[in-house]
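What follows is the content of final08.cif (mmCIF, C-alpha atoms).
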data_my_file
#
loop_
_atom_site.label_atom_id
_atom_site.label_comp_id
_atom_site.auth_asym_id
_atom_site.auth_seq_id
_atom_site.Cartn_x
_atom_site.Cartn_y
_atom_site.Cartn_z
CA MET A 20 -3.46 -42.76 18.32
CA LYS A 21 -3.34 -41.48 14.73
CA ALA A 22 -6.84 -40.06 15.09
CA ARG A 23 -5.91 -38.28 18.32
CA ILE A 24 -2.83 -36.72 16.75
CA CYS A 25 -4.88 -35.65 13.74
CA ARG A 26 -7.55 -34.08 15.95
CA ALA A 27 -4.93 -32.25 18.04
CA VAL A 28 -3.12 -30.87 14.99
CA LEU A 29 -6.35 -29.70 13.36
CA ALA A 30 -7.57 -28.14 16.61
CA LEU A 31 -4.33 -26.22 17.13
CA LEU A 32 -4.35 -25.07 13.51
CA ALA A 33 -7.97 -23.93 13.69
CA ILE A 34 -7.49 -22.11 16.98
CA GLY A 35 -4.39 -20.38 15.63
CA LEU A 36 -6.15 -19.27 12.45
CA VAL A 37 -9.20 -17.97 14.29
CA THR A 38 -6.91 -16.09 16.67
CA ALA A 39 -4.94 -14.63 13.76
CA THR A 40 -8.24 -13.43 12.31
CA LEU A 41 -9.47 -11.86 15.55
CA VAL A 42 -6.22 -10.16 16.59
CA PRO A 43 -6.30 -7.40 13.90
CA LEU A 44 -9.78 -6.40 15.10
CA VAL A 45 -8.19 -5.01 18.25
CA HIS A 46 -8.04 -1.22 18.00
CA THR A 47 -4.38 -0.57 18.70
CA ASP A 48 -1.22 0.57 16.94
CA GLN A 49 0.99 -2.10 18.56
CA TRP A 50 3.24 -3.43 15.80
CA TRP A 51 2.90 -7.10 16.77
CA ILE A 52 -0.86 -6.81 16.28
CA ARG A 53 -0.80 -4.65 13.15
CA VAL A 54 1.44 -7.11 11.32
CA PHE A 55 -1.52 -9.51 11.29
CA ASP A 56 -3.11 -7.16 8.73
CA PHE A 57 -0.65 -8.44 6.15
CA PRO A 58 -0.90 -12.24 5.73
CA ARG A 59 -4.63 -12.53 5.04
CA ILE A 60 -4.16 -14.48 1.81
CA GLN A 61 -1.87 -16.94 3.54
CA ILE A 62 -4.36 -17.28 6.38
CA VAL A 63 -7.18 -17.98 3.92
CA CYS A 64 -5.11 -20.74 2.30
CA LEU A 65 -4.41 -22.31 5.68
CA ILE A 66 -8.09 -22.05 6.62
CA LEU A 67 -9.01 -23.99 3.49
CA ALA A 68 -6.43 -26.63 4.42
CA ALA A 69 -7.89 -26.87 7.94
CA LEU A 70 -11.44 -27.19 6.65
CA ALA A 71 -10.32 -29.84 4.17
CA GLY A 72 -8.73 -31.70 7.08
CA TYR A 73 -11.96 -31.62 9.04
CA ILE A 74 -13.89 -32.89 6.03
CA ALA A 75 -11.45 -35.79 5.76
CA LEU A 76 -11.74 -36.46 9.49
CA PHE A 77 -15.54 -36.42 9.22
CA PHE A 78 -15.50 -39.21 6.65
CA TRP A 79 -12.70 -41.11 8.40
CA ARG A 80 -14.09 -41.07 11.91
CA ARG A 81 -16.53 -38.50 13.26
CA LEU A 82 -16.43 -34.97 14.66
CA TYR A 83 -17.07 -34.20 18.29
CA THR A 84 -19.26 -31.26 19.30
CA TRP A 85 -16.23 -29.09 20.15
CA GLU A 86 -14.78 -29.86 16.73
CA TRP A 87 -17.97 -28.74 15.02
CA ALA A 88 -17.63 -25.50 16.98
CA LEU A 89 -14.08 -25.11 15.67
CA VAL A 90 -15.28 -25.80 12.12
CA ALA A 91 -17.93 -23.09 12.49
CA ALA A 92 -15.43 -20.59 13.90
CA THR A 93 -12.90 -21.40 11.18
CA GLY A 94 -15.59 -21.04 8.52
CA ALA A 95 -16.55 -17.64 9.92
CA ALA A 96 -12.89 -16.63 9.82
CA PHE A 97 -12.77 -17.68 6.17
CA VAL A 98 -15.79 -15.53 5.33
CA TRP A 99 -14.31 -12.51 7.10
CA GLN A 100 -10.85 -12.84 5.60
CA GLY A 101 -12.29 -13.54 2.16
CA SER A 102 -14.52 -10.47 2.30
CA LEU A 103 -11.44 -8.27 2.73
CA ILE A 104 -9.50 -9.89 -0.11
CA ALA A 105 -12.38 -10.31 -2.59
CA PRO A 106 -12.34 -6.68 -3.85
CA TYR A 107 -8.84 -7.28 -5.21
CA THR A 108 -9.96 -9.93 -7.67
CA SER A 109 -11.34 -9.67 -11.19
CA LEU A 110 -14.69 -10.96 -9.91
CA TYR A 111 -15.35 -7.69 -8.08
CA PRO A 112 -16.69 -4.52 -9.77
CA ARG A 113 -13.94 -2.10 -10.73
CA GLN A 114 -13.80 0.97 -8.53
CA LEU A 115 -12.14 3.03 -11.26
CA PRO A 116 -13.44 2.13 -14.76
CA VAL A 117 -11.35 1.73 -17.88
CA SER A 118 -10.70 4.97 -19.71
CA THR A 119 -12.54 5.60 -22.97
CA GLU A 120 -10.92 8.99 -23.58
CA LYS A 121 -9.67 9.45 -27.15
CA ASP A 122 -7.86 12.67 -26.34
CA ASP A 123 -4.69 11.87 -24.37
CA SER A 124 -3.92 15.48 -23.45
CA GLY A 125 -5.41 14.79 -20.02
CA ARG A 126 -3.30 11.67 -19.52
CA ILE A 127 -0.65 11.19 -16.85
CA SER A 128 1.54 8.09 -16.56
CA LEU A 129 3.48 7.26 -13.41
CA LEU A 130 6.29 4.84 -12.71
CA ILE A 131 6.42 4.09 -8.97
CA TYR A 132 9.43 2.18 -7.70
CA ASN A 133 11.07 1.51 -4.34
CA VAL A 134 14.67 1.17 -5.47
CA ARG A 135 15.94 -0.30 -2.18
CA PHE A 136 18.64 1.97 -0.82
CA ASP A 137 21.50 -0.57 -1.04
CA ASN A 138 20.60 -1.74 -4.54
CA ASP A 139 23.03 -0.63 -7.26
CA ARG A 140 21.26 -1.88 -10.39
CA ILE A 141 20.80 1.34 -12.32
CA ASP A 142 20.73 0.05 -15.90
CA PRO A 143 17.57 -2.08 -15.54
CA LEU A 144 15.70 0.95 -14.22
CA LEU A 145 16.94 3.16 -17.06
CA ASP A 146 15.93 0.49 -19.57
CA LEU A 147 12.49 0.29 -18.00
CA ILE A 148 12.10 4.06 -18.16
CA ASP A 149 13.02 3.98 -21.85
CA GLU A 150 10.49 1.22 -22.45
CA LYS A 151 7.51 2.63 -20.52
CA ASP A 152 8.27 6.34 -21.15
CA PRO A 153 6.37 7.61 -18.07
CA ASP A 154 5.45 11.24 -17.54
CA VAL A 155 6.37 11.07 -13.86
CA ILE A 156 8.89 8.87 -12.05
CA LEU A 157 8.54 8.52 -8.28
CA LEU A 158 11.38 6.69 -6.53
CA THR A 159 11.47 5.80 -2.86
CA GLU A 160 14.55 4.85 -0.78
CA PRO A 161 17.12 6.55 -3.07
CA THR A 162 20.44 7.62 -1.59
CA PRO A 163 22.66 10.47 -2.86
CA TRP A 164 24.43 7.80 -4.93
CA TRP A 165 21.17 7.08 -6.75
CA GLN A 166 20.63 10.78 -7.35
CA ASP A 167 24.07 11.05 -8.91
CA GLN A 168 23.58 7.99 -11.11
CA LEU A 169 20.23 9.29 -12.38
CA LYS A 170 21.30 12.86 -13.12
CA GLY A 171 21.05 12.12 -16.86
CA LEU A 172 17.27 11.82 -16.50
CA THR A 173 16.94 15.57 -16.15
CA GLU A 174 17.44 15.99 -19.89
CA ASP A 175 14.08 14.33 -20.56
CA TYR A 176 12.61 15.07 -17.14
CA PRO A 177 13.56 18.69 -16.39
CA HIS A 178 11.16 19.13 -13.46
CA THR A 179 12.48 17.46 -10.33
CA ILE A 180 11.97 17.15 -6.59
CA GLU A 181 15.02 15.61 -4.94
CA LYS A 182 15.43 14.49 -1.34
CA PRO A 183 17.85 11.54 -1.32
CA GLN A 184 18.71 10.14 2.13
CA ASP A 185 20.75 7.35 3.66
CA ASN A 186 18.03 6.05 5.98
CA HIS A 187 15.66 4.13 3.64
CA TYR A 188 13.30 7.12 3.31
CA GLY A 189 14.76 9.28 0.54
CA MET A 190 12.55 10.35 -2.37
CA LEU A 191 13.19 11.44 -5.96
CA LEU A 192 10.60 12.68 -8.40
CA TYR A 193 11.30 13.34 -12.08
CA SER A 194 8.65 14.82 -14.36
CA ARG A 195 8.44 15.90 -17.97
CA LEU A 196 5.19 17.67 -17.08
CA GLU A 197 5.51 21.06 -15.48
CA LEU A 198 5.45 21.13 -11.69
CA GLU A 199 3.90 23.97 -9.73
CA ASN A 200 4.62 24.69 -6.06
CA PRO A 201 6.75 21.57 -5.54
CA GLU A 202 7.72 20.91 -1.96
CA VAL A 203 9.29 18.33 0.30
CA ARG A 204 7.51 18.04 3.62
CA PHE A 205 8.15 16.24 6.89
CA LEU A 206 4.63 15.65 8.12
CA VAL A 207 5.40 13.63 11.24
CA GLU A 208 9.08 12.74 11.46
CA PRO A 209 12.15 14.82 10.62
CA ALA A 210 13.77 11.77 9.01
CA VAL A 211 10.85 10.75 6.79
CA PRO A 212 9.97 13.12 3.91
CA SER A 213 6.95 13.23 1.63
CA ILE A 214 6.21 15.18 -1.53
CA ARG A 215 3.39 17.46 -2.58
CA THR A 216 3.23 19.23 -5.93
CA GLN A 217 0.82 20.35 -8.61
CA VAL A 218 1.36 18.74 -12.00
CA LYS A 219 0.19 20.56 -15.11
CA LEU A 220 -1.21 18.15 -17.68
CA ARG A 221 -0.83 18.75 -21.41
CA SER A 222 -4.46 19.85 -21.47
CA GLY A 223 -3.68 22.60 -18.95
CA THR A 224 -5.51 20.87 -16.10
CA THR A 225 -3.63 20.94 -12.80
CA VAL A 226 -3.45 17.75 -10.73
CA THR A 227 -2.26 17.64 -7.12
CA LEU A 228 0.22 14.80 -6.68
CA TYR A 229 1.36 13.41 -3.33
CA GLY A 230 4.33 11.11 -2.94
CA VAL A 231 4.47 9.13 0.31
CA HIS A 232 6.65 6.54 2.00
CA PRO A 233 5.75 6.33 5.69
CA ARG A 234 7.69 4.14 8.06
CA PRO A 235 6.27 0.63 8.50
CA PRO A 236 5.42 -1.01 11.83
CA GLY A 237 7.66 -3.73 13.20
CA LEU A 238 10.99 -2.22 12.15
CA LYS A 239 13.61 -0.26 14.04
CA PRO A 240 13.16 3.51 13.62
CA PRO A 241 15.46 5.64 11.47
CA ASP A 242 17.73 8.20 13.04
CA LYS A 243 15.72 11.20 14.23
CA GLY A 244 18.26 13.60 12.83
CA GLU A 245 21.94 14.43 12.68
CA GLY A 246 23.92 13.27 15.67
CA THR A 247 21.20 11.00 17.01
CA GLU A 248 20.88 7.25 17.18
CA GLY A 249 17.93 5.09 16.21
CA SER A 250 16.21 3.08 18.92
CA ASP A 251 16.56 -0.71 19.24
CA GLU A 252 12.84 -1.00 19.93
CA ARG A 253 10.39 -2.07 17.24
CA GLU A 254 8.16 0.74 16.08
CA ASP A 255 4.37 0.63 16.24
CA SER A 256 2.10 1.78 13.41
CA ASP A 257 1.18 5.14 14.96
CA VAL A 258 3.66 7.21 12.94
CA ARG A 259 2.75 5.53 9.65
CA ASP A 260 -0.95 5.90 10.35
CA ALA A 261 -0.54 9.57 11.32
CA GLU A 262 1.21 10.45 8.06
CA LEU A 263 -1.41 8.71 5.93
CA MET A 264 -4.25 10.35 7.87
CA LEU A 265 -2.68 13.80 7.52
CA VAL A 266 -2.54 13.36 3.75
CA ALA A 267 -6.09 11.99 3.61
CA ARG A 268 -7.46 14.87 5.69
CA GLU A 269 -5.67 17.40 3.53
CA VAL A 270 -7.03 15.82 0.34
CA LYS A 271 -10.52 16.10 1.79
CA GLU A 272 -9.99 19.73 2.79
CA ILE A 273 -8.71 20.94 -0.58
CA GLY A 274 -12.03 20.04 -2.14
CA GLU A 275 -13.10 18.94 -5.58
CA ILE A 276 -9.83 18.98 -7.47
CA PRO A 277 -8.01 16.10 -9.19
CA VAL A 278 -5.67 14.28 -6.81
CA ILE A 279 -3.28 11.34 -7.07
CA VAL A 280 -1.52 9.85 -4.05
CA ALA A 281 1.30 7.47 -4.94
CA GLY A 282 4.21 5.71 -3.32
CA ASP A 283 5.15 2.92 -0.95
CA PHE A 284 2.48 2.96 1.76
CA ASN A 285 4.09 0.18 3.81
CA ASP A 286 0.57 -1.09 4.37
CA VAL A 287 -1.63 -3.62 2.63
CA ALA A 288 -4.67 -2.55 0.65
CA TRP A 289 -7.18 -4.33 2.91
CA SER A 290 -5.97 -3.00 6.24
CA GLY A 291 -8.18 -0.79 8.37
CA THR A 292 -5.68 2.06 8.00
CA THR A 293 -5.66 2.05 4.20
CA ARG A 294 -9.43 1.70 3.97
CA LEU A 295 -9.82 4.61 6.40
CA PHE A 296 -7.34 6.59 4.28
CA GLN A 297 -9.57 6.00 1.25
CA ARG A 298 -12.78 6.97 3.00
CA VAL A 299 -11.38 10.15 4.51
CA GLY A 300 -9.59 11.27 1.36
CA GLY A 301 -12.41 10.23 -0.96
CA LEU A 302 -9.86 8.33 -3.03
CA LEU A 303 -10.37 5.34 -5.28
CA ASP A 304 -8.15 2.30 -5.73
CA PRO A 305 -7.56 1.21 -9.35
CA ARG A 306 -6.68 -2.31 -8.16
CA ILE A 307 -10.18 -2.99 -6.89
CA GLY A 308 -11.80 -5.27 -9.45
CA ARG A 309 -8.49 -5.82 -11.23
CA GLY A 310 -6.13 -7.74 -8.95
CA LEU A 311 -3.74 -7.66 -6.02
CA TYR A 312 -0.67 -6.26 -7.80
CA ASN A 313 1.60 -7.53 -5.05
CA THR A 314 4.86 -5.57 -5.08
CA PHE A 315 6.84 -6.80 -2.07
CA ASP A 316 8.86 -9.03 -1.62
CA THR A 317 10.34 -9.92 -5.03
CA SER A 318 12.39 -12.74 -3.51
CA ASN A 319 9.54 -14.39 -1.63
CA TRP A 320 6.52 -15.49 -3.66
CA LEU A 321 4.89 -17.09 -0.63
CA PHE A 322 4.80 -13.88 1.44
CA ARG A 323 4.21 -11.13 -1.08
CA TYR A 324 1.99 -8.11 -0.45
CA PRO A 325 0.61 -5.03 -2.24
CA LEU A 326 2.51 -2.10 -0.70
CA ASP A 327 3.06 0.29 -3.63
CA TYR A 328 -0.01 2.19 -4.78
CA ALA A 329 -1.42 4.98 -6.87
CA PHE A 330 -4.78 6.13 -5.52
CA ALA A 331 -6.78 8.64 -7.55
CA SER A 332 -9.76 10.91 -7.04
CA ARG A 333 -12.96 10.27 -8.96
CA HIS A 334 -11.88 12.68 -11.69
CA PHE A 335 -9.87 9.91 -13.35
CA ARG A 336 -10.23 6.77 -15.42
CA VAL A 337 -7.63 4.01 -15.71
CA ALA A 338 -5.89 3.66 -19.05
CA GLN A 339 -3.30 1.15 -17.80
CA LEU A 340 -2.24 -0.51 -14.57
CA GLU A 341 0.67 -2.92 -14.53
CA ARG A 342 3.08 -4.52 -12.13
CA LEU A 343 6.40 -4.51 -13.93
CA PRO A 344 9.16 -7.15 -13.79
CA ASP A 345 11.74 -7.46 -11.05
CA ILE A 346 14.64 -5.14 -11.88
CA GLY A 347 16.84 -5.60 -8.83
CA SER A 348 15.03 -4.22 -5.78
CA ASP A 349 12.95 -6.05 -3.21
CA HIS A 350 9.92 -4.23 -4.69
CA PHE A 351 8.37 -4.62 -8.11
CA PRO A 352 7.75 -1.34 -9.94
CA ILE A 353 4.18 -0.21 -10.62
CA PHE A 354 3.14 1.56 -13.81
CA ALA A 355 -0.15 3.47 -13.66
CA VAL A 356 -1.74 5.55 -16.41
CA PHE A 357 -4.72 7.78 -15.58
CA ASP A 358 -6.90 9.89 -17.86
CA TYR A 359 -8.44 13.01 -16.46
CA ALA A 360 -12.07 12.66 -17.55
CA PRO A 361 -14.22 15.77 -17.15
CA GLY A 362 -17.57 14.71 -15.80
CA ALA A 363 -16.20 11.49 -14.34
CA GLU A 364 -16.64 12.91 -10.85
CA LEU A 365 -20.39 12.99 -11.46
CA GLU A 366 -20.48 9.23 -12.05
CA GLU A 367 -18.23 7.66 -9.45
CA LYS A 368 -19.34 6.98 -5.92
CA VAL A 369 -16.54 7.60 -3.45
CA PRO A 370 -16.20 6.20 0.07
CA GLU A 371 -17.52 8.60 2.68
CA PRO A 372 -16.21 8.94 6.26
CA ASP A 373 -18.55 9.04 9.21
CA GLN A 374 -18.07 10.68 12.60
CA GLU A 375 -16.34 7.62 14.00
CA ASP A 376 -13.86 7.75 11.12
CA TRP A 377 -13.02 11.38 11.84
CA GLU A 378 -12.49 10.59 15.50
CA GLU A 379 -10.12 7.78 14.54
CA VAL A 380 -8.25 10.14 12.20
CA ASP A 381 -7.79 12.71 14.97
CA GLU A 382 -6.64 10.01 17.35
CA SER A 383 -4.13 8.60 14.85
CA ILE A 384 -2.65 12.02 14.11
CA HIS A 385 -2.41 12.90 17.80
CA GLU A 386 -0.72 9.61 18.72
CA GLY A 387 1.71 9.77 15.79
CA ARG A 388 2.79 13.31 16.55
CA THR A 389 3.03 12.57 20.26
CA GLU A 390 5.34 9.66 19.46
CA ASP A 391 7.50 11.97 17.38
#
Show how you would write the structure in this file as structure tokens.
Amino acid sequence: MKARICRAVLALLAIGLVTATLVPLVHTDQWWIRVFDFPRIQIVCLILAALAGYIALFFWRRLYTWEWALVAATGAAFVWQGSLIAPYTSLYPRQLPVSTEKDDSGRISLLIYNVRFDNDRIDPLLDLIDEKDPDVILLTEPTPWWQDQLKGLTEDYPHTIEKPQDNHYGMLLYSRLELENPEVRFLVEPAVPSIRTQVKLRSGTTVTLYGVHPRPPGLKPPDKGEGTEGSDEREDSDVRDAELMLVAREVKEIGEIPVIVAGDFNDVAWSGTTRLFQRVGGLLDPRIGRGLYNTFDTSNWLFRYPLDYAFASRHFRVAQLERLPDIGSDHFPIFAVFDYAPGAELEEKVPEPDQEDWEEVDESIHEGRTED
């Protein structure tokens, strides 16, 4: 009886893990499928537990033919899941090398932080800003209350882009570097802003900076505008994907100029959407070869994912990349320091989109805008 129970439990676990691995391969924006992009690390850990169970069962009794088939399928799932996670370990080659620049006039440092709109812990953020002394501060989810509490920052950060909101999607940007052509844009939804601006480095080089915070799948939508009500239905990933693809396509179209795209992507680094975003935009991920830098959720170490990023074009090197301590939000802040390195673009290989990628981009944009 014990052996039968053990076999049944292992079989159900293996079938569930293989299914959880196969589901994200379905080409759809349905939220209940796209959420399976997130827990790949947890799935890998459970796969190892299942395989360990089958090893124990092998030495305790024996495995039937159907169980060997489950072992093979579970092992294949492990290889697939592991291949997606492996780039975000120190064993993998770094996609953006360490900076060797001695002249810091081409340096830009960014503090990226989702403040959580109902969080009221201002002092820890101000202390962190004093400690890290970033050139640019990008905050997502700020309300008008946050804007008022942070008005003292403008003494040291005179260049600002401010779009606080009460719907989880406000944005504030403070910069001590000069901004050129700053703008708040609503690429897909009237309730979800993004930022685009040129930032003038101390060297005189101009960098195009995007700030993004698209809506995640699986949540209820924000209000569409004044006088409207949000839907009770869970939202699919089409709107998020459309915004990211619009930014990626624009980065590709503007050509060979330095670009940084930062913010809360509400997507994990290894998802098909984020990898497509990289290929289309020709952007590099400083976490590859360095680590996961999980930023959400601060209160749950078991289910914690990398959602807050700073992607850069191949014009840059990484001087510093750090996940900072919990200072009150459900997100950890990220501190990224890039050096503009003339000639770096001649060395780095960037991901290249193929025709299928462009078709997927067009489809994502069409579906996201149709939904809106």
List the residues selected by the PyMOL selection byres ((chain A and resi 159) around 10) in the file shown, writing them as a list of chain:residue names. A:Ile131, A:Tyr132, A:Asn133, A:Val134, A:Arg135, A:Phe136, A:Leu157, A:Leu158, A:Glu160, A:Pro161, A:Thr162, A:Lys182, A:Pro183, A:Gln184, A:His187, A:Tyr188, A:Gly189, A:Met190, A:Leu191, A:Leu192, A:Ser213, A:Gly230, A:Val231, A:His232, A:Gly282, A:Asp283
Go ahead and write the selection's residues with C-alpha atoms as a CSV table (one decimal), in the coordinates of the input.
chain,number,residue,atom,x,y,z
A,131,ILE,CA,6.4,4.1,-9.0
A,132,TYR,CA,9.4,2.2,-7.7
A,133,ASN,CA,11.1,1.5,-4.3
A,134,VAL,CA,14.7,1.2,-5.5
A,135,ARG,CA,15.9,-0.3,-2.2
A,136,PHE,CA,18.6,2.0,-0.8
A,157,LEU,CA,8.5,8.5,-8.3
A,158,LEU,CA,11.4,6.7,-6.5
A,160,GLU,CA,14.6,4.8,-0.8
A,161,PRO,CA,17.1,6.6,-3.1
A,162,THR,CA,20.4,7.6,-1.6
A,182,LYS,CA,15.4,14.5,-1.3
A,183,PRO,CA,17.8,11.5,-1.3
A,184,GLN,CA,18.7,10.1,2.1
A,187,HIS,CA,15.7,4.1,3.6
A,188,TYR,CA,13.3,7.1,3.3
A,189,GLY,CA,14.8,9.3,0.5
A,190,MET,CA,12.6,10.4,-2.4
A,191,LEU,CA,13.2,11.4,-6.0
A,192,LEU,CA,10.6,12.7,-8.4
A,213,SER,CA,7.0,13.2,1.6
A,230,GLY,CA,4.3,11.1,-2.9
A,231,VAL,CA,4.5,9.1,0.3
A,232,HIS,CA,6.6,6.5,2.0
A,282,GLY,CA,4.2,5.7,-3.3
A,283,ASP,CA,5.2,2.9,-1.0
Could you check how far CA of Arg336 (chain A) sits from CA of Gly301 (chain A), in Å to one decimal?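 Rounded to one decimal, the two atoms are 15.0 Å apart.
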Counting all atoms listed in the file, which residue out of A:Phe351, A:Phe97, A:Trp289, A:Trp87 sits closest to Tyr312 (chain A)?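 Nearest candidate to Tyr312 (chain A) out of A:Phe351, A:Phe97, A:Trp289, A:Trp87: A:Phe351.
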The residue from A:Asp345, A:Glu208, A:Asp260, A:Asp154 with the smallest atom-to-atom distance to Tyr193 (chain A), counting only C-alpha atoms, is A:Asp154
Have a look at CA of Phe335 (chain A) and CA of Leu303 (chain A) and let me know their distance in Å, one decimal.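 That distance, rounded to one decimal, is 9.3 Å.
Closest approach to Val28 (chain A) among A:Glu86, A:Asp48, A:Asp257, A:Asp139 is made by A:Glu86 (distances from all atoms listed in the file).
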